[in-house]
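Asker: Pasting a structure below so you can have a look.
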Amino acid sequence: MKNRLLKGLALAATMSFAAGLTIVPAQAANEILIWADETRGPNLVKTFAKKSDWVPGSTIKVVSFSSYDALKDALDKASGTTGPDIFVAGNDWVPALAKSGKLAPVVLTAAQKSGFTPSQFFDLSYGGKLYGVPVDVNNVGMVYNTKLVKSAPKSYGDMVKFYLANKTKMGLKAGLCIAGGGMSWGGLSGFSALGAEPYQMNADGSVNYDKSFDPTAFAKNVSTLLLDKKGKSNGFYPATDTGCQDNYLAGKVPFAIIGNWHWRTFAEAGFDMNIQPVPGVKPGTYGKMFGSVSGAFLTSYAEAHGVAVPAKSLLTSFFASTKGQVAYQAEEGRPPAESGAQKSQLVLGGQKAMGAAASLSSIPQIGAFLNTNAGGANYWDSAPAYWTAVLVDGKNPLVEAKKLAAIWKANVAAGKADL
Amino acid sequence: MSSIFRGNFALFLKIAILAGITAILSLLAQSAFASSQIAIGTYLVIAVVVLNFTYFTKVSIPLKFFAPGILFFIAFVIAPIIFTVIMSTYNYQTGNYISKDAAIEQVLIRGVEPDASQTTFDLVSGRSADGSYAVLVSDIANQKFFISTENELTYVETGQLTFNEYGVAITAPGFSVTSVDELATNDAYSKIRYKYSDGYYIIIEAQGVGAVFRQSIAYDAKTDTMKNIQTGQIYVDNKRGNFALEDSPETMLTPGWRAPIWFENYTKLVTDSRVRTPLIKVFIWTIIFATLTVLSTFAFGLLLALALNRKMRGRRIYRSILILPYAMPSIMSILIWAGMFDSEFGAINNLLHTHIAWFSSATFARAAVLLVNLWLGFPYFYLICSGSLQAIPSELLEAAAIDGANPRQVFRRITLPLLLQILSPLLIASFAFNFNNFNLIYLLTGGGPRNTLDGEVAGATDILISYTYQIAFGRNILDFGLASAISVLIFFLVASISFYGLRKSKVMETFG
């Protein structure tokens, strides 16, 4: 018996030792690990397949997640052993991740900073520290179907008028819908065109803490333009984004708000890219969109992995450089954030048109105001809730607008401390 | 055949299987220790010892059967419960994820400030003549060049240097350049604070780039406080996982850490109306949902079982069809139902020629949830009711018929009580399962609709487990501590209800 036990243990120990020898370290010493979502990840892989020596002596590994939410989920659960060195995402995650110690600050030289605007750095900062480099501009644009609409609408009323006049004749399912970015992020233009914004900006780019939107004026616009005489939705603006893209492509919706990563889909479907911001109630005014930047962020895990300097080098030599952004955006198709890349002839017309729409009417995406629940709900939940309440449930637009204004005002007041 | 299970071959097979398991567990243990997961690593080592001892000795034959189950039970039931209970006593939320040591390290890394002009230099990493880490710094604007180590700064004459095409010094006497391959694999050089002037130092920001900083926050381990070196302000441990300014406690340094707050998450469930009000609402709906689901699925399943308990043409086909919803993955079924309930394009509105916003109205959403769960659940009860009906002795039914009982009386007085006696544990299990039926709620309605503009956190169809998920993962501010406290509450609720139910079912055993 003793003999058997010894033999067994000896064999088990041998196999364990053999298995131990085959252990592959989770991350090679010179490897920079990047996490990205399902569109950025594969495009980064393609970009690095063409050129990989952005940081001498280092290799780059990209892990793609199935969705943006999956990436967020993974980052929330990441630890020192599992987390990435760099990840690419929108700027609104910065406050929560910085507060939780998952981000590490980066410092750029004056030359590196000169390629970007101060507001782009503002988007990627928390508590006075910069945590990433701007990669591309994130925005939406309104496209219209030139087979249905012959000239660009000059005001919101023009679009509503067109819809109501042609609803039956053309079998329209809606007038304007959100095909990109969802009812909160993509839908800001829809709110802003009618007079509601989660926070007000001064002309110099600073936040105006004394001002919030006027619920009475906004509700009046909603009643006039989106509701019928009985106070029910006239069908122009659906409360959800379900089916919007398909309906637009099928010619059943004349106007759609699309994300700047979508323009190729629409161009390939045979649509002329007539991109503009959503026109406002008064001719010549436009609804503001989130003109935020996505960033490549340095994590605190890079330090633990021993690749903090190579990771920072990759941020500056690839993600923040003209060459790097042109190479990456050739695959990704978004407007690059860096000024040299924006001017590059290699950047396509659609990317430039989207960038132009953003520069015409946009506000920065300030996570400290948008993500907080201090007012009872964050922007992302409260914005679509307004449309459901008014357009689906038939609630009073003014009463609901007052609630919305109170929530957003409280969120801005609470978020101020986080900036 | 029996020789396979005896003799040398069997022994060899046993040793090989155990060796394989030992190897895998050892591998996992090593990985756990490497990741500083000491508890997991220790458990895996204990599991290796227990398994080898159990199967290589004859100390206990029953243990050979129970050991794997006990080990899995500890790993996947006991350990998560203990972890959840512990976490429920912590301030564990956005901003308070990491350990205190890691938080102190992060605060100190962030507690630096650049010089007034935010100076950056081009530099080359290497080693000085004495072998210590050094950087050859080019202050191109002022045409000054120097070698800096942790303790020394030595200016070098221009004539002693060689430069690249951008005017950056790349070699100097007594300075050996580190290769890029070494820089990529050895990060020790990047952790050095290279000497500069007036309390400032140079840190390497990227390969070839250094920036000038000075420390602005310092940690005093003796008093466990952080001090702003420039202003003299003291930040003390606020016992909730943050260093907070003494005079202004709401001003805190980030990041914070996981800190014990003992029963605060539990008291919040009672005292904080923002938590208590939705929790009560969700609890009531959870009970209603689980009860109605069990009743409806049981009733419908029993009805079908009774109908198909009699001989009829095509009975096998009907039985096969009725099992189909059970055979299909529930996730797929739920997603299909979610599509069918869509107010714009859903098949249900199209068939009924209605325009019901199923998931925007609390009543319709709850009806949809119950309907879909009926679809998913009735085949199970149909199957077990069919089996149980076969188990009821036909003599009892025949005797009742001879005594003049009509079919309704037979069902009410004999069939149903006997069925309930057999199925009580399964009904209780079904109630407990539906009490935590996260998949259905999450995939079908996401817990909604919720009246967000009125500050509602919980949705109309949220049950306790989906509400807990919403608190832990569903929002931008994640609160694992509070979610853990609710999880513990759910555990005790389900355990109590199940225990009560099982005791009741024992009472029913005396029937008949």
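Simple scheme: letters A, B, ... for chains in structure tokens order, numbers from 1 for residues in each chain, numbers from 1 for ligands in the order shown.
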For chain A, work out the contacting residues on chain B at 7 Å, counting only C-alpha atoms, and write them as a PDB file with C-alpha atoms, in the first residue's frame.

Answerer:
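What follows is the written file out.pdb:
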ATOM      1  CA  ILE B  15      -2.756   6.906 -10.803  1.00  0.00           C
ATOM      2  CA  LEU B  18      -5.120  11.432 -10.144  1.00  0.00           C
ATOM      3  CA  ALA B  19      -1.793  12.583 -11.491  1.00  0.00           C
ATOM      4  CA  GLY B  20      -3.598  14.520 -14.215  1.00  0.00           C
ATOM      5  CA  THR B  22      -2.984  16.873  -9.388  1.00  0.00           C
ATOM      6  CA  ALA B  23      -1.093  18.458 -12.246  1.00  0.00           C
ATOM      7  CA  SER B  26      -1.094  22.405  -8.996  1.00  0.00           C
ATOM      8  CA  LEU B  27      -0.952  24.524 -12.127  1.00  0.00           C
ATOM      9  CA  SER B  35      -1.563  36.425  -8.736  1.00  0.00           C
ATOM     10  CA  PHE B  56      -4.253   6.455  -2.467  1.00  0.00           C
ATOM     11  CA  THR B  94     -16.815  52.855  -7.568  1.00  0.00           C
ATOM     12  CA  GLY B  95     -13.853  54.718  -6.136  1.00  0.00           C
ATOM     13  CA  ASN B  96     -13.265  52.097  -3.440  1.00  0.00           C
ATOM     14  CA  TYR B  97     -12.179  48.953  -5.283  1.00  0.00           C
ATOM     15  CA  GLN B 106      -1.755  55.302  -6.433  1.00  0.00           C
ATOM     16  CA  THR B 120       9.878  67.998 -20.733  1.00  0.00           C
ATOM     17  CA  VAL B 180      15.919  49.263 -26.796  1.00  0.00           C
ATOM     18  CA  ASP B 181      15.359  45.556 -26.195  1.00  0.00           C
ATOM     19  CA  ALA B 184      11.357  47.086 -23.378  1.00  0.00           C
ATOM     20  CA  THR B 185      11.835  44.217 -20.944  1.00  0.00           C
ATOM     21  CA  ASP B 187      11.332  48.556 -16.296  1.00  0.00           C
ATOM     22  CA  SER B 190      11.603  53.823 -15.330  1.00  0.00           C
ATOM     23  CA  GLU B 205       7.400  59.497 -19.450  1.00  0.00           C
ATOM     24  CA  ALA B 206       8.048  57.541 -22.620  1.00  0.00           C
ATOM     25  CA  GLN B 207      11.065  56.092 -24.344  1.00  0.00           C
ATOM     26  CA  THR B 254      -8.495  59.415  -4.965  1.00  0.00           C
ATOM     27  CA  PRO B 255      -8.451  56.515  -5.340  1.00  0.00           C
ATOM     28  CA  GLY B 256      -9.984  55.157  -2.171  1.00  0.00           C
ATOM     29  CA  THR B 452     -36.692  57.327 -14.313  1.00  0.00           C
ATOM     30  CA  LEU B 453     -37.852  60.935 -14.305  1.00  0.00           C
ATOM     31  CA  GLY B 455     -36.318  58.956  -9.583  1.00  0.00           C
ATOM     32  CA  ASN B 476     -22.207  53.968 -13.773  1.00  0.00           C
TER      33      ASN B 476
END

Asker: DSSP on the backbone: which residues in stretch 168-311 of chain A end up as strand (DSSP E or B)? Give the answer as a PyMOL selection string.

Answerer: chain A and resi 176-178+200-201+207-208+227+233+255-259+275-276+279+286+289-290+292-299

Asker: Save out the residues we just selected, C-alpha atoms, as a JSON list (two decimals), in the first residue's frame.

Answerer:
[["chain", "number", "residue", "atom", "x", "y", "z"],
["A", 176, "LEU", "CA", -36.38, 61.59, -37.87],
["A", 177, "CYS", "CA", -34.91, 58.66, -35.98],
["A", 178, "ILE", "CA", -31.71, 57.69, -34.24],
["A", 200, "GLN", "CA", -24.68, 74.79, -20.92],
["A", 201, "MET", "CA", -21.33, 75.85, -22.30],
["A", 207, "VAL", "CA", -19.15, 75.25, -18.37],
["A", 208, "ASN", "CA", -21.87, 77.74, -17.49],
["A", 227, "LEU", "CA", -47.46, 65.96, -30.72],
["A", 233, "SER", "CA", -47.11, 61.58, -30.75],
["A", 255, "PHE", "CA", -34.00, 61.86, -41.85],
["A", 256, "ALA", "CA", -31.72, 59.86, -39.57],
["A", 257, "ILE", "CA", -29.03, 60.60, -37.05],
["A", 258, "ILE", "CA", -26.06, 58.33, -37.64],
["A", 259, "GLY", "CA", -22.78, 57.77, -35.84],
["A", 275, "ILE", "CA", -24.29, 65.15, -43.51],
["A", 276, "GLN", "CA", -25.28, 68.08, -41.32],
["A", 279, "PRO", "CA", -31.47, 71.86, -37.66],
["A", 286, "TYR", "CA", -28.48, 73.59, -34.99],
["A", 289, "MET", "CA", -24.22, 66.85, -30.52],
["A", 290, "PHE", "CA", -21.62, 65.27, -28.31],
["A", 292, "SER", "CA", -16.30, 64.11, -27.73],
["A", 293, "VAL", "CA", -13.12, 62.25, -28.36],
["A", 294, "SER", "CA", -12.35, 58.64, -27.82],
["A", 295, "GLY", "CA", -9.05, 58.06, -26.15],
["A", 296, "ALA", "CA", -6.34, 55.51, -25.74],
["A", 297, "PHE", "CA", -5.93, 55.29, -21.97],
["A", 298, "LEU", "CA", -3.00, 54.20, -19.86],
["A", 299, "THR", "CA", -3.96, 51.88, -17.02]]

Asker: Report as a list in words all protein, DNA and RNA residues lying within 12 Å of B:Val488, evaluated on only C-alpha atoms, omitting residues in the same chain fewer than 5 positions from it.

Answerer: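 Once the adjacent positions are removed, what remains is Pro80, Ile81, Ile82, Phe83, Thr84, Val85, Ile86, Met87, Ser88, Thr89, Asn265, Tyr266, Leu269, Leu464, Ile465, Thr468, Gly481, Leu482, Ala483, Leu493, Val494 and Ala495 of chain B.
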
Asker: Under the rule that only C-alpha atoms are counted, which of A:Ile34, A:Lys161, A:Tyr126, A:Leu44 is the nearest residue to A:Lys61?

Answerer: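 Checking each of A:Ile34, A:Lys161, A:Tyr126, A:Leu44 against A:Lys61, counting only C-alpha atoms, the winner is A:Ile34.
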
Asker: Hey, what's within 12 Å of stretch 342-358 of chain B if we count only C-alpha atoms and toss same-chain stuff fewer than 2 positions away? As a PyMOL selection string, please?

Answerer: (chain A and resi 173-174+235+238-244+246-247+388-389+391-394) or (chain B and resi 335-340+360-369+371+444-445+448-449+461)

Asker: When DSSP works through the backbone of this structure, what residues of stretch 63-295 of chain A end up as helix (DSSP H, G or I), shown as a PyMOL selection string?

Answerer: chain A and resi 68-77+91-99+110-113+118-123+156-166+182-186+188-193+215-226+244-249+263-268

Asker: Would you mind exporting C-alpha atoms of the selected residues as a PDB file, in the first residue's frame?

Answerer:
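For reference, selection.pdb as written:
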ATOM      1  CA  TYR A  68     -18.523  48.208 -25.920  1.00  0.00           C
ATOM      2  CA  ASP A  69     -20.484  47.098 -22.858  1.00  0.00           C
ATOM      3  CA  ALA A  70     -18.455  43.893 -22.644  1.00  0.00           C
ATOM      4  CA  LEU A  71     -15.277  45.983 -22.644  1.00  0.00           C
ATOM      5  CA  LYS A  72     -16.669  48.162 -19.851  1.00  0.00           C
ATOM      6  CA  ASP A  73     -17.683  45.083 -17.910  1.00  0.00           C
ATOM      7  CA  ALA A  74     -14.215  43.572 -18.283  1.00  0.00           C
ATOM      8  CA  LEU A  75     -12.564  46.819 -17.181  1.00  0.00           C
ATOM      9  CA  ASP A  76     -14.789  46.987 -14.126  1.00  0.00           C
ATOM     10  CA  LYS A  77     -13.673  43.481 -13.189  1.00  0.00           C
ATOM     11  CA  ASN A  91     -13.965  59.660 -22.658  1.00  0.00           C
ATOM     12  CA  ASP A  92     -16.943  59.389 -20.317  1.00  0.00           C
ATOM     13  CA  TRP A  93     -15.447  56.437 -18.454  1.00  0.00           C
ATOM     14  CA  VAL A  94     -12.579  58.581 -17.201  1.00  0.00           C
ATOM     15  CA  PRO A  95     -14.070  59.868 -13.890  1.00  0.00           C
ATOM     16  CA  ALA A  96     -15.185  56.474 -12.544  1.00  0.00           C
ATOM     17  CA  LEU A  97     -12.072  54.596 -13.655  1.00  0.00           C
ATOM     18  CA  ALA A  98      -9.669  57.303 -12.467  1.00  0.00           C
ATOM     19  CA  LYS A  99     -11.481  57.514  -9.139  1.00  0.00           C
ATOM     20  CA  ALA A 110       4.549  70.555 -25.864  1.00  0.00           C
ATOM     21  CA  ALA A 111       5.036  69.207 -29.396  1.00  0.00           C
ATOM     22  CA  GLN A 112       2.721  66.287 -28.741  1.00  0.00           C
ATOM     23  CA  LYS A 113       0.093  68.552 -27.190  1.00  0.00           C
ATOM     24  CA  PRO A 118      -7.526  71.936 -25.002  1.00  0.00           C
ATOM     25  CA  SER A 119     -11.129  70.674 -24.975  1.00  0.00           C
ATOM     26  CA  GLN A 120      -9.950  67.277 -26.211  1.00  0.00           C
ATOM     27  CA  PHE A 121      -7.599  67.049 -23.240  1.00  0.00           C
ATOM     28  CA  PHE A 122     -10.396  68.289 -20.972  1.00  0.00           C
ATOM     29  CA  ASP A 123     -12.438  65.266 -22.088  1.00  0.00           C
ATOM     30  CA  TYR A 156     -36.764  71.432 -37.447  1.00  0.00           C
ATOM     31  CA  GLY A 157     -40.184  72.610 -38.593  1.00  0.00           C
ATOM     32  CA  ASP A 158     -39.219  71.996 -42.240  1.00  0.00           C
ATOM     33  CA  MET A 159     -38.583  68.350 -41.458  1.00  0.00           C
ATOM     34  CA  VAL A 160     -41.836  67.923 -39.515  1.00  0.00           C
ATOM     35  CA  LYS A 161     -43.780  69.644 -42.290  1.00  0.00           C
ATOM     36  CA  PHE A 162     -42.266  67.313 -44.877  1.00  0.00           C
ATOM     37  CA  TYR A 163     -43.078  64.255 -42.786  1.00  0.00           C
ATOM     38  CA  LEU A 164     -46.697  65.189 -42.109  1.00  0.00           C
ATOM     39  CA  ALA A 165     -47.284  66.062 -45.766  1.00  0.00           C
ATOM     40  CA  ASN A 166     -45.794  62.816 -47.059  1.00  0.00           C
ATOM     41  CA  GLY A 182     -28.720  55.306 -29.083  1.00  0.00           C
ATOM     42  CA  MET A 183     -31.450  57.520 -27.686  1.00  0.00           C
ATOM     43  CA  SER A 184     -29.133  59.149 -25.137  1.00  0.00           C
ATOM     44  CA  TRP A 185     -25.772  59.741 -26.777  1.00  0.00           C
ATOM     45  CA  GLY A 186     -26.984  59.909 -30.355  1.00  0.00           C
ATOM     46  CA  LEU A 188     -28.692  64.668 -27.762  1.00  0.00           C
ATOM     47  CA  SER A 189     -29.135  66.408 -31.113  1.00  0.00           C
ATOM     48  CA  GLY A 190     -32.846  65.643 -30.956  1.00  0.00           C
ATOM     49  CA  PHE A 191     -33.077  67.252 -27.519  1.00  0.00           C
ATOM     50  CA  SER A 192     -30.811  70.166 -28.252  1.00  0.00           C
ATOM     51  CA  ALA A 193     -32.537  71.102 -31.511  1.00  0.00           C
ATOM     52  CA  PRO A 215     -38.302  73.454 -19.702  1.00  0.00           C
ATOM     53  CA  THR A 216     -41.211  75.673 -20.717  1.00  0.00           C
ATOM     54  CA  ALA A 217     -39.700  76.638 -24.072  1.00  0.00           C
ATOM     55  CA  PHE A 218     -38.559  73.079 -24.716  1.00  0.00           C
ATOM     56  CA  ALA A 219     -41.960  71.594 -23.835  1.00  0.00           C
ATOM     57  CA  LYS A 220     -43.658  74.117 -26.107  1.00  0.00           C
ATOM     58  CA  ASN A 221     -41.446  72.997 -29.007  1.00  0.00           C
ATOM     59  CA  VAL A 222     -42.180  69.357 -28.225  1.00  0.00           C
ATOM     60  CA  SER A 223     -45.939  70.032 -28.163  1.00  0.00           C
ATOM     61  CA  THR A 224     -45.862  72.019 -31.386  1.00  0.00           C
ATOM     62  CA  LEU A 225     -43.591  69.808 -33.408  1.00  0.00           C
ATOM     63  CA  LEU A 226     -43.911  66.261 -32.057  1.00  0.00           C
ATOM     64  CA  CYS A 244     -34.214  53.070 -37.508  1.00  0.00           C
ATOM     65  CA  GLN A 245     -31.298  52.134 -39.732  1.00  0.00           C
ATOM     66  CA  ASP A 246     -33.285  49.523 -41.661  1.00  0.00           C
ATOM     67  CA  ASN A 247     -36.205  51.894 -42.149  1.00  0.00           C
ATOM     68  CA  TYR A 248     -33.941  54.695 -43.317  1.00  0.00           C
ATOM     69  CA  LEU A 249     -32.181  52.405 -45.780  1.00  0.00           C
ATOM     70  CA  TRP A 263     -21.174  56.538 -42.648  1.00  0.00           C
ATOM     71  CA  ARG A 264     -19.544  53.815 -44.730  1.00  0.00           C
ATOM     72  CA  THR A 265     -22.624  51.592 -44.313  1.00  0.00           C
ATOM     73  CA  PHE A 266     -24.842  54.347 -45.650  1.00  0.00           C
ATOM     74  CA  ALA A 267     -22.427  55.297 -48.409  1.00  0.00           C
ATOM     75  CA  GLU A 268     -22.145  51.671 -49.509  1.00  0.00           C
TER      76      GLU A 268
END

Asker: Quote the spacing between atom CA of B:Ile284 and atom CA of B:Ile463 in Å to one decimal place.

Answerer: 8.8 Å

Asker: Could you tell me how far atom CA of B:Ser132 sits from atom CA of A:Tyr301, in Å to one decimal place?

Answerer: 26.1 Å

Asker: Identify which of the residues A:Ile86, A:Tyr209, A:Asn43, A:Trp261 lies closest to A:Ala414, counting only C-alpha atoms when measuring atom-to-atom distances.

Answerer: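 Distance minimum relative to A:Ala414 lands on A:Tyr209.
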
Asker: At what distance in Å, to one decimal, does atom CA of B:Gly232 lie from atom CA of B:Asp247?

Answerer: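 Interatomic distance, atom CA of B:Asp247 to atom CA of B:Gly232: 12.3 Å.
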
Asker: From the options B:Gly208, B:Pro325, B:Gly126, B:Gly474, which residue's atoms come nearest to B:Ala172, counting only C-alpha atoms?

Answerer: B:Gly126

Asker: Tell me, as a PyMOL selection string, which residues lie within 12 Å of B:Ala129, counting only C-alpha atoms; anything in the same chain fewer than 5 positions away does not count.

Answerer: chain B and resi 134-135+147-149+152+154+172-177

Asker: Would you mind telling me which residue in A:Asp37, A:Lys282, A:Lys154, A:Gly231 lies nearest to A:Leu398 when using only C-alpha atoms?

Answerer: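 Smallest distance to A:Leu398 is found for A:Gly231.
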
Asker: Which residues are close to B:Phe213, i.e. within 8 Å by only C-alpha atoms, leaving aside same-chain residues fewer than 3 positions away? Reply as a ChimeraX atom specification.

Answerer: /B:112-115,200-203

Asker: Go ahead and save the picked residues with C-alpha atoms, as a compact mmCIF listing (two decimals), in the first residue's frame.

Answerer:
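Saved result, again.txt, follows:
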# COMPACT_ATOMS: atom_id res chain seq x y z
CA VAL B 112 3.13 64.89 -8.05
CA GLU B 113 3.05 68.24 -9.80
CA PRO B 114 4.95 69.52 -12.81
CA ASP B 115 7.12 72.61 -12.66
CA TYR B 200 12.24 68.64 -8.67
CA TYR B 201 13.21 65.42 -10.39
CA ILE B 202 12.91 63.89 -13.83
CA ILE B 203 10.74 60.87 -14.48

Asker: Set the distance at 9 Å and use only C-alpha atoms: which residues neighbour stretch 234-245 of chain B once local chain neighbours fewer than 4 positions away are removed? I'd like the list as a ChimeraX atom specification.

Answerer: /B:90-92,95-96,100,103,223-228,249-261
